[in-house]
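A.B. asks: Below you'll find my_file-v2.cif; it's mmCIF, C-alpha atoms.
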```cif
data_query
loop_
_atom_site.label_atom_id
_atom_site.label_comp_id
_atom_site.auth_asym_id
_atom_site.auth_seq_id
_atom_site.Cartn_x
_atom_site.Cartn_y
_atom_site.Cartn_z
CA MET A 1 178.87 108.18 65.20
CA ASN A 2 176.10 107.26 67.62
CA VAL A 3 172.75 108.12 66.03
CA ARG A 4 169.36 108.07 67.69
CA PRO A 5 167.08 107.00 64.80
CA ALA A 6 163.70 108.59 64.14
CA ALA A 7 161.08 106.71 66.17
CA VAL A 8 157.82 108.31 65.00
CA ALA A 9 158.49 109.11 61.34
CA GLY A 10 155.52 107.78 59.38
CA LEU A 11 153.34 108.07 62.48
CA PHE A 12 153.39 111.63 63.83
CA TYR A 13 154.72 113.07 60.59
CA PRO A 14 155.52 111.73 57.09
CA GLY A 15 158.35 109.23 56.93
CA GLU A 16 159.36 109.98 53.34
CA THR A 17 161.79 112.87 52.88
CA HIS A 18 160.07 114.72 50.04
CA GLU A 19 156.61 114.34 51.56
CA LEU A 20 157.81 115.58 54.94
CA SER A 21 159.67 118.50 53.40
CA ARG A 22 156.60 119.49 51.41
CA MET A 23 154.28 119.21 54.41
CA VAL A 24 156.48 121.35 56.65
CA ARG A 25 156.99 123.88 53.87
CA ASP A 26 153.23 124.11 53.34
CA LEU A 27 152.61 124.54 57.07
CA LEU A 28 155.18 127.33 57.25
CA ALA A 29 154.01 129.06 54.07
CA GLY A 30 152.57 132.49 54.69
CA GLN A 31 153.35 132.52 58.41
CA LYS A 32 154.69 135.82 59.69
CA ALA A 33 157.81 136.14 61.81
CA GLY A 34 157.92 138.56 64.71
CA THR A 35 159.92 141.76 64.64
CA SER A 36 162.72 139.98 66.51
CA PRO A 37 163.25 136.29 67.34
CA PRO A 38 162.13 135.12 70.79
CA LYS A 39 164.51 133.86 73.43
CA ALA A 40 162.20 130.99 74.36
CA LEU A 41 159.27 129.25 72.77
CA ILE A 42 156.53 126.82 73.81
CA VAL A 43 155.23 124.64 70.94
CA PRO A 44 152.93 121.57 70.78
CA HIS A 45 154.05 118.05 69.92
CA ALA A 46 151.11 116.08 68.52
CA GLY A 47 150.88 114.61 65.04
CA TYR A 48 151.31 117.26 62.37
CA ILE A 49 147.73 116.91 61.10
CA TYR A 50 146.57 117.95 64.57
CA SER A 51 149.09 120.44 65.96
CA GLY A 52 151.17 121.23 62.88
CA PRO A 53 149.50 124.58 62.08
CA THR A 54 150.02 125.88 65.63
CA ALA A 55 153.59 124.59 65.77
CA ALA A 56 154.37 126.19 62.40
CA MET A 57 153.18 129.59 63.61
CA GLY A 58 155.58 129.29 66.53
CA PHE A 59 158.55 128.13 64.47
CA ALA A 60 157.96 130.89 61.91
CA GLN A 61 159.11 133.31 64.63
CA LEU A 62 162.62 131.87 64.19
CA ALA A 63 162.94 132.59 60.48
CA LYS A 64 165.53 135.35 60.93
CA ALA A 65 167.14 134.03 64.10
CA PRO A 66 170.94 133.45 64.07
CA LEU A 67 170.55 130.34 66.21
CA ARG A 68 173.41 127.92 66.83
CA ARG A 69 172.03 126.01 69.82
CA ILE A 70 168.55 124.69 70.63
CA VAL A 71 167.99 123.59 74.23
CA LEU A 72 164.89 121.41 73.99
CA PHE A 73 162.76 120.19 76.90
CA GLY A 74 160.00 117.64 76.32
CA PRO A 75 157.94 115.56 78.76
CA ALA A 76 158.45 111.83 79.18
CA HIS A 77 155.56 109.82 77.70
CA ARG A 78 157.10 106.33 77.54
CA VAL A 79 159.57 105.77 80.37
CA PRO A 80 159.10 106.89 83.99
CA PHE A 81 162.21 108.21 85.72
CA ARG A 82 163.36 110.93 88.08
CA GLY A 83 165.24 113.94 86.80
CA LEU A 84 166.07 115.17 83.31
CA ALA A 85 167.54 112.77 80.76
CA LEU A 86 170.15 113.47 78.12
CA PRO A 87 170.94 110.77 75.54
CA GLU A 88 174.23 108.97 75.00
CA SER A 89 173.95 109.55 71.25
CA ASP A 90 175.71 112.36 69.40
CA HIS A 91 173.19 112.82 66.56
CA PHE A 92 169.41 112.61 66.14
CA ALA A 93 168.03 111.48 62.79
CA THR A 94 164.91 112.55 60.91
CA PRO A 95 163.96 111.95 57.28
CA LEU A 96 165.43 115.42 56.59
CA GLY A 97 168.88 114.42 57.81
CA LEU A 98 171.02 114.35 60.94
CA VAL A 99 170.97 116.88 63.77
CA GLU A 100 174.24 117.15 65.67
CA LEU A 101 174.06 117.29 69.46
CA ASP A 102 176.02 119.89 71.41
CA GLU A 103 178.26 117.67 73.51
CA ALA A 104 179.97 120.57 75.31
CA ALA A 105 176.62 121.99 76.42
CA MET A 106 175.41 118.52 77.39
CA GLU A 107 178.49 118.06 79.57
CA ARG A 108 177.75 121.38 81.20
CA ALA A 109 174.13 120.37 81.87
CA SER A 110 175.33 117.05 83.31
CA GLU A 111 176.95 118.96 86.15
CA HIS A 112 173.47 119.49 87.58
CA PRO A 113 172.59 116.63 89.98
CA ALA A 114 169.14 116.16 88.43
CA VAL A 115 170.55 115.48 84.95
CA LEU A 116 171.42 111.94 83.86
CA ARG A 117 172.32 110.13 80.65
CA MET A 118 169.56 107.72 79.63
CA ASP A 119 169.07 106.54 76.06
CA LEU A 120 165.96 104.58 77.07
CA ALA A 121 164.11 107.82 77.87
CA HIS A 122 164.78 109.06 74.33
CA ALA A 123 164.37 105.88 72.30
CA LEU A 124 160.60 106.12 71.66
CA GLU A 125 159.91 109.65 72.88
CA HIS A 126 158.04 111.81 70.37
CA SER A 127 157.86 115.11 72.25
CA LEU A 128 161.36 116.14 71.18
CA GLU A 129 161.58 114.39 67.82
CA VAL A 130 158.57 116.07 66.22
CA GLN A 131 160.17 119.51 66.67
CA LEU A 132 163.26 118.65 64.64
CA PRO A 133 161.86 118.76 61.06
CA PHE A 134 160.51 122.25 61.75
CA LEU A 135 163.90 123.38 63.06
CA GLN A 136 165.68 121.77 60.10
CA SER A 137 163.33 123.59 57.72
CA VAL A 138 163.10 127.06 59.25
CA LEU A 139 166.69 127.76 60.34
CA ASP A 140 169.17 128.98 57.74
CA THR A 141 172.20 128.26 59.92
CA ASP A 142 173.54 124.95 61.20
CA PHE A 143 172.49 124.36 64.78
CA ARG A 144 173.31 121.92 67.51
CA LEU A 145 170.76 120.37 69.83
CA VAL A 146 170.64 119.77 73.58
CA PRO A 147 167.71 117.34 74.00
CA LEU A 148 166.35 116.86 77.51
CA VAL A 149 163.46 114.56 78.37
CA VAL A 150 161.83 115.83 81.56
CA GLY A 151 160.76 113.14 83.99
CA ASP A 152 159.66 113.47 87.61
CA ALA A 153 161.52 116.62 88.56
CA PRO A 154 160.80 119.90 90.34
CA ALA A 155 160.39 122.95 88.14
CA GLU A 156 163.32 124.54 89.96
CA ASP A 157 165.67 121.91 88.50
CA VAL A 158 164.38 122.62 85.00
CA ALA A 159 164.87 126.36 85.53
CA ASP A 160 168.40 125.74 86.83
CA VAL A 161 169.36 123.77 83.71
CA MET A 162 167.79 126.40 81.45
CA GLN A 163 169.84 129.12 83.13
CA MET A 164 173.03 127.03 82.93
CA LEU A 165 172.60 126.89 79.13
CA TRP A 166 170.89 130.26 78.64
CA GLY A 167 173.56 131.74 76.39
CA GLY A 168 172.90 134.75 74.16
CA LYS A 169 171.15 135.30 70.85
CA GLU A 170 172.67 132.08 69.52
CA THR A 171 170.61 129.96 71.96
CA LEU A 172 166.89 129.20 71.98
CA ILE A 173 165.09 127.59 74.92
CA LEU A 174 162.37 125.39 73.42
CA VAL A 175 159.65 123.74 75.53
CA SER A 176 157.47 121.03 74.00
CA SER A 177 153.96 120.71 75.45
CA ASP A 178 150.34 120.16 74.51
CA LEU A 179 147.55 121.55 76.68
CA SER A 180 144.39 119.79 77.96
CA HIS A 181 143.62 116.26 76.77
CA TYR A 182 140.45 114.46 75.66
CA LEU A 183 137.83 116.95 76.81
CA PRO A 184 134.76 118.15 74.91
CA TYR A 185 135.55 121.07 72.61
CA GLU A 186 134.06 123.95 74.63
CA ARG A 187 135.30 122.60 77.96
CA ALA A 188 138.80 122.26 76.53
CA ARG A 189 138.75 125.81 75.19
CA SER A 190 137.72 127.17 78.57
CA ILE A 191 140.45 125.29 80.46
CA ASP A 192 143.13 126.04 77.86
CA GLN A 193 142.35 129.74 77.78
CA ALA A 194 142.70 129.86 81.56
CA THR A 195 146.04 128.03 81.30
CA ILE A 196 147.27 130.43 78.62
CA ARG A 197 146.27 133.42 80.76
CA LYS A 198 148.39 132.05 83.61
CA ILE A 199 151.37 131.56 81.31
CA LEU A 200 151.04 135.07 79.88
CA LYS A 201 151.01 136.46 83.43
CA LEU A 202 154.02 134.29 84.39
CA ALA A 203 151.71 132.96 87.09
CA GLY A 204 152.43 129.28 87.54
CA PRO A 205 152.39 126.58 88.49
CA ILE A 206 150.64 124.88 85.60
CA ARG A 207 149.17 121.47 86.46
CA HIS A 208 149.78 118.33 84.43
CA ASP A 209 146.08 118.02 83.61
CA GLU A 210 146.38 121.49 82.08
CA ALA A 211 149.52 120.73 80.05
CA CYS A 212 151.40 117.46 79.58
CA GLY A 213 154.68 119.39 79.55
CA ALA A 214 153.77 121.31 82.69
CA THR A 215 157.15 120.79 84.38
CA GLY A 216 159.01 122.26 81.43
CA ILE A 217 156.58 125.17 81.23
CA ASN A 218 156.86 125.81 84.97
CA GLY A 219 160.65 125.80 84.73
CA LEU A 220 160.45 128.32 81.90
CA LEU A 221 158.10 130.54 83.91
CA LEU A 222 160.59 130.59 86.78
CA ALA A 223 163.45 131.40 84.42
CA ALA A 224 161.38 134.04 82.64
CA CYS A 225 160.62 135.80 85.91
CA SER A 226 164.27 135.65 86.96
CA LEU A 227 165.77 136.74 83.65
CA GLY A 228 163.18 139.19 82.41
CA LEU A 229 161.20 137.61 79.57
CA GLU A 230 157.81 138.74 78.35
CA PRO A 231 155.42 136.09 76.92
CA ARG A 232 153.06 136.59 73.98
CA LEU A 233 150.52 134.22 72.50
CA ILE A 234 151.14 133.33 68.86
CA ASP A 235 148.36 130.80 68.28
CA TYR A 236 145.85 128.62 70.09
CA ARG A 237 143.58 125.93 68.72
CA ASN A 238 142.73 122.30 69.43
CA SER A 239 142.36 119.09 67.49
CA GLY A 240 138.66 119.84 66.99
CA ASP A 241 139.73 122.81 64.89
CA THR A 242 142.19 120.81 62.79
CA ALA A 243 141.02 117.19 62.65
CA GLY A 244 137.28 117.74 62.99
CA ASP A 245 136.22 115.54 65.94
CA LYS A 246 135.04 117.82 68.74
CA SER A 247 133.89 115.18 71.22
CA GLN A 248 137.38 114.66 72.69
CA VAL A 249 140.04 117.19 71.80
CA VAL A 250 143.64 118.04 72.69
CA GLY A 251 144.69 121.67 73.07
CA TYR A 252 147.71 123.31 71.42
CA ALA A 253 149.39 126.68 71.85
CA SER A 254 152.51 128.41 70.60
CA ILE A 255 153.79 131.04 73.01
CA ALA A 256 156.92 133.13 72.49
CA PHE A 257 159.01 134.66 75.27
CA ASP A 258 160.84 137.85 74.33
CA GLU A 259 163.70 139.52 76.12
CA VAL A 260 162.52 142.81 77.57
CA ARG A 261 164.53 145.70 76.17
CA SER A 262 165.75 148.15 78.78
#
```
Let me see the structure of the file written as structure tokens.
C.D. replies:
Amino acid sequence: MNVRPAAVAGLFYPGETHELSRMVRDLLAGQKAGTSPPKALIVPHAGYIYSGPTAAMGFAQLAKAPLRRIVLFGPAHRVPFRGLALPESDHFATPLGLVELDEAAMERASEHPAVLRMDLAHALEHSLEVQLPFLQSVLDTDFRLVPLVVGDAPAEDVADVMQMLWGGKETLILVSSDLSHYLPYERARSIDQATIRKILKLAGPIRHDEACGATGINGLLLAACSLGLEPRLIDYRNSGDTAGDKSQVVGYASIAFDEVRS
């Protein structure tokens, strides 16, 4: 077994199992699921004290979803590279246990020329890891993960990989992204609301100063247009709403993408 250990446990979220389980359970408590689970979801990836409430509102939409595969795209914060990186490992660890990777789906994704295997891109990356305790807590069924760190890549490549692994109701496309960074509270709200309006209209591209996971979002917007998804805003707030300091804030949104019924 080749396990990628948790890199940010005790930093972005509690490192002790019972404390983490309690925190995630409290964040999820009282959140309402949608009438049907989304096909795709954008969620933030900051420390839980900052973005946890917004992330929880997004993940609550999955409470009744019969998901078996999560295809997760998160931006590279630590290691610069070109393309999209899969790990060499076969499991990811969190304090809540091991998450098995979907090797068959990873092999399929590797057929795309932009996809490479690169453990270094995953070793310290938080944008994917922080989503796992929520998934482990909210899903009733066992699921397998396809974790992709998005480096310097065109949105078209991201959309291609999404469509290669699109699947049916058993598969969720999950994009990890925060919004604007380190702006005064009111300025951040203005910029973030404009970014959200573009996403809800499927009107990219989103810039990287508008969202750190812009490439993943832009890939999802292309796929959503091609495959007929309809976005809806679940929650928006920023770190000034959660952690109190409004002089320099980071924006967070959870946005679901639903399949349009014919």
A.B. asks: For the interface of segment 55-96 of chain A with segment 25-36 of chain A (cut-off 6 Å, counting only C-alpha atoms), please tabulate each contacting residue of segment 55-96 of chain A alongside its nearest pair of atoms and their separation in Å to one decimal, rows sorted by chain and increasing number, as a Markdown table.
C.D. replies:
```
| residue | atom | partner | partner_atom | distance |
| --- | --- | --- | --- | --- |
| A:Ala56 | CA | A:Leu28 | CA | 5.3 |
| A:Met57 | CA | A:Gln31 | CA | 6.0 |
| A:Ala60 | CA | A:Ala33 | CA | 5.3 |
| A:Gln61 | CA | A:Ala33 | CA | 4.2 |
```
A.B. asks: With all atoms listed in the file as the counted atoms, please give the residues lying no more than 9 Å from Ala65 of chain A, apart from itself and same-chain residues fewer than 6 positions off, as a list of chain:residue names.
C.D. replies: A:Ser36, A:Pro37, A:Pro38, A:Leu139, A:Asp140, A:Thr141, A:Lys169, A:Glu170
A.B. asks: Would you export the selected residues with C-alpha atoms as a PDB file, keeping the file's coordinate frame, please?
C.D. replies:
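Result file follows (part-v3.pdb):
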```pdb
ATOM      1  CA  SER A  36     162.720 139.980  66.510  1.00  0.00           C
ATOM      2  CA  PRO A  37     163.250 136.290  67.340  1.00  0.00           C
ATOM      3  CA  PRO A  38     162.130 135.120  70.790  1.00  0.00           C
ATOM      4  CA  LEU A 139     166.690 127.760  60.340  1.00  0.00           C
ATOM      5  CA  ASP A 140     169.170 128.980  57.740  1.00  0.00           C
ATOM      6  CA  THR A 141     172.200 128.260  59.920  1.00  0.00           C
ATOM      7  CA  LYS A 169     171.150 135.300  70.850  1.00  0.00           C
ATOM      8  CA  GLU A 170     172.670 132.080  69.520  1.00  0.00           C
TER       9      GLU A 170
END
```
A.B. asks: Let me know the residues the PyMOL selection byres ((chain A and resi 218) around 8) catches in the file above, as a list in words.
C.D. replies: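 Answer for the PyMOL selection byres ((chain A and resi 218) around 8): Ala155, Gly204, Pro205, Ile206, Ala214, Thr215, Gly216, Ile217, Gly219, Leu220, Leu221 and Leu222 of chain A.
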A.B. asks: Please enumerate the residues selected by the PyMOL selection byres ((chain A and resi 175-189) around 6) when evaluated against the supplied file, formatted as a list in words.
C.D. replies: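 Residues picked by the PyMOL selection byres ((chain A and resi 175-189) around 6): Ile42, Val43, Pro44, Leu72, Phe73, Gly74, Leu174, Ser190, Ile191, Asp192, Gln193, Glu210, Ala211, Cys212, Gly213, Lys246, Ser247, Gln248, Val249, Val250, Gly251 and Tyr252 of chain A.
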A.B. asks: Based on the selection just made, write C-alpha atoms of those residues as a PDB file, in the frame of the given file.
C.D. replies:
```pdb
ATOM      1  CA  ILE A  42     156.530 126.820  73.810  1.00  0.00           C
ATOM      2  CA  VAL A  43     155.230 124.640  70.940  1.00  0.00           C
ATOM      3  CA  PRO A  44     152.930 121.570  70.780  1.00  0.00           C
ATOM      4  CA  LEU A  72     164.890 121.410  73.990  1.00  0.00           C
ATOM      5  CA  PHE A  73     162.760 120.190  76.900  1.00  0.00           C
ATOM      6  CA  GLY A  74     160.000 117.640  76.320  1.00  0.00           C
ATOM      7  CA  LEU A 174     162.370 125.390  73.420  1.00  0.00           C
ATOM      8  CA  SER A 190     137.720 127.170  78.570  1.00  0.00           C
ATOM      9  CA  ILE A 191     140.450 125.290  80.460  1.00  0.00           C
ATOM     10  CA  ASP A 192     143.130 126.040  77.860  1.00  0.00           C
ATOM     11  CA  GLN A 193     142.350 129.740  77.780  1.00  0.00           C
ATOM     12  CA  GLU A 210     146.380 121.490  82.080  1.00  0.00           C
ATOM     13  CA  ALA A 211     149.520 120.730  80.050  1.00  0.00           C
ATOM     14  CA  CYS A 212     151.400 117.460  79.580  1.00  0.00           C
ATOM     15  CA  GLY A 213     154.680 119.390  79.550  1.00  0.00           C
ATOM     16  CA  LYS A 246     135.040 117.820  68.740  1.00  0.00           C
ATOM     17  CA  SER A 247     133.890 115.180  71.220  1.00  0.00           C
ATOM     18  CA  GLN A 248     137.380 114.660  72.690  1.00  0.00           C
ATOM     19  CA  VAL A 249     140.040 117.190  71.800  1.00  0.00           C
ATOM     20  CA  VAL A 250     143.640 118.040  72.690  1.00  0.00           C
ATOM     21  CA  GLY A 251     144.690 121.670  73.070  1.00  0.00           C
ATOM     22  CA  TYR A 252     147.710 123.310  71.420  1.00  0.00           C
TER      23      TYR A 252
END
```
A.B. asks: Expressed in Å to a single decimal, how great is the separation between atom CA of Val130 of chain A and atom CA of Arg68 of chain A?
C.D. replies: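 That distance, rounded to one decimal, is 19.0 Å.
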A.B. asks: Just to confirm, what's the straight-line distance from atom CA of Arg78 of chain A to atom CA of Ser110 of chain A in Å (one decimal)?
C.D. replies: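 The value is 21.9 Å.
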A.B. asks: Extract, using all atoms listed in the file, all DNA, RNA and protein residues at most 7 Å from segment 92-102 of chain A, discarding same-chain residues fewer than 3 positions from it, and format them as a PyMOL selection string.
C.D. replies: chain A and resi 3-6+15-17+105-106+133+144-146
A.B. asks: Show me, as a PDB file with C-alpha atoms, in the coordinates of the input, the residues that have an atom within 10 Å of Val161 of chain A when counting all atoms listed in the file, minus same-chain residues fewer than 3 positions from it.
C.D. replies:
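Produced file part.pdb, reproduced below:
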```
ATOM      1  CA  VAL A  71     167.990 123.590  74.230  1.00  0.00           C
ATOM      2  CA  LEU A  84     166.070 115.170  83.310  1.00  0.00           C
ATOM      3  CA  ARG A 108     177.750 121.380  81.200  1.00  0.00           C
ATOM      4  CA  ALA A 109     174.130 120.370  81.870  1.00  0.00           C
ATOM      5  CA  SER A 110     175.330 117.050  83.310  1.00  0.00           C
ATOM      6  CA  GLU A 111     176.950 118.960  86.150  1.00  0.00           C
ATOM      7  CA  HIS A 112     173.470 119.490  87.580  1.00  0.00           C
ATOM      8  CA  ALA A 114     169.140 116.160  88.430  1.00  0.00           C
ATOM      9  CA  VAL A 115     170.550 115.480  84.950  1.00  0.00           C
ATOM     10  CA  LEU A 148     166.350 116.860  77.510  1.00  0.00           C
ATOM     11  CA  GLU A 156     163.320 124.540  89.960  1.00  0.00           C
ATOM     12  CA  ASP A 157     165.670 121.910  88.500  1.00  0.00           C
ATOM     13  CA  VAL A 158     164.380 122.620  85.000  1.00  0.00           C
ATOM     14  CA  MET A 164     173.030 127.030  82.930  1.00  0.00           C
ATOM     15  CA  LEU A 165     172.600 126.890  79.130  1.00  0.00           C
ATOM     16  CA  TRP A 166     170.890 130.260  78.640  1.00  0.00           C
ATOM     17  CA  GLY A 219     160.650 125.800  84.730  1.00  0.00           C
ATOM     18  CA  ALA A 223     163.450 131.400  84.420  1.00  0.00           C
TER      19      ALA A 223
END
```
A.B. asks: Applying the PyMOL selection byres ((chain A and resi 138) around 8) to the file I just gave you, which residues come out? Please list them as a ChimeraX atom specification.
C.D. replies: /A:59-60,62-63,134-137,139-140
A.B. asks: Write the residues of the selection above to a file with C-alpha atoms, as an mmCIF file, keeping the file's coordinate frame.
C.D. replies:
```
data_model
loop_
_atom_site.group_PDB
_atom_site.id
_atom_site.type_symbol
_atom_site.label_atom_id
_atom_site.label_comp_id
_atom_site.auth_asym_id
_atom_site.auth_seq_id
_atom_site.Cartn_x
_atom_site.Cartn_y
_atom_site.Cartn_z
ATOM 1 C CA PHE A 59 158.550 128.130 64.470
ATOM 2 C CA ALA A 60 157.960 130.890 61.910
ATOM 3 C CA LEU A 62 162.620 131.870 64.190
ATOM 4 C CA ALA A 63 162.940 132.590 60.480
ATOM 5 C CA PHE A 134 160.510 122.250 61.750
ATOM 6 C CA LEU A 135 163.900 123.380 63.060
ATOM 7 C CA GLN A 136 165.680 121.770 60.100
ATOM 8 C CA SER A 137 163.330 123.590 57.720
ATOM 9 C CA LEU A 139 166.690 127.760 60.340
ATOM 10 C CA ASP A 140 169.170 128.980 57.740
#
```
A.B. asks: Please compute the atom CA of Leu41 of chain A-atom CA of Ala256 of chain A distance, one decimal, in Å.
C.D. replies: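 Answer for the atom CA of Leu41 of chain A to atom CA of Ala256 of chain A separation: 4.5 Å.
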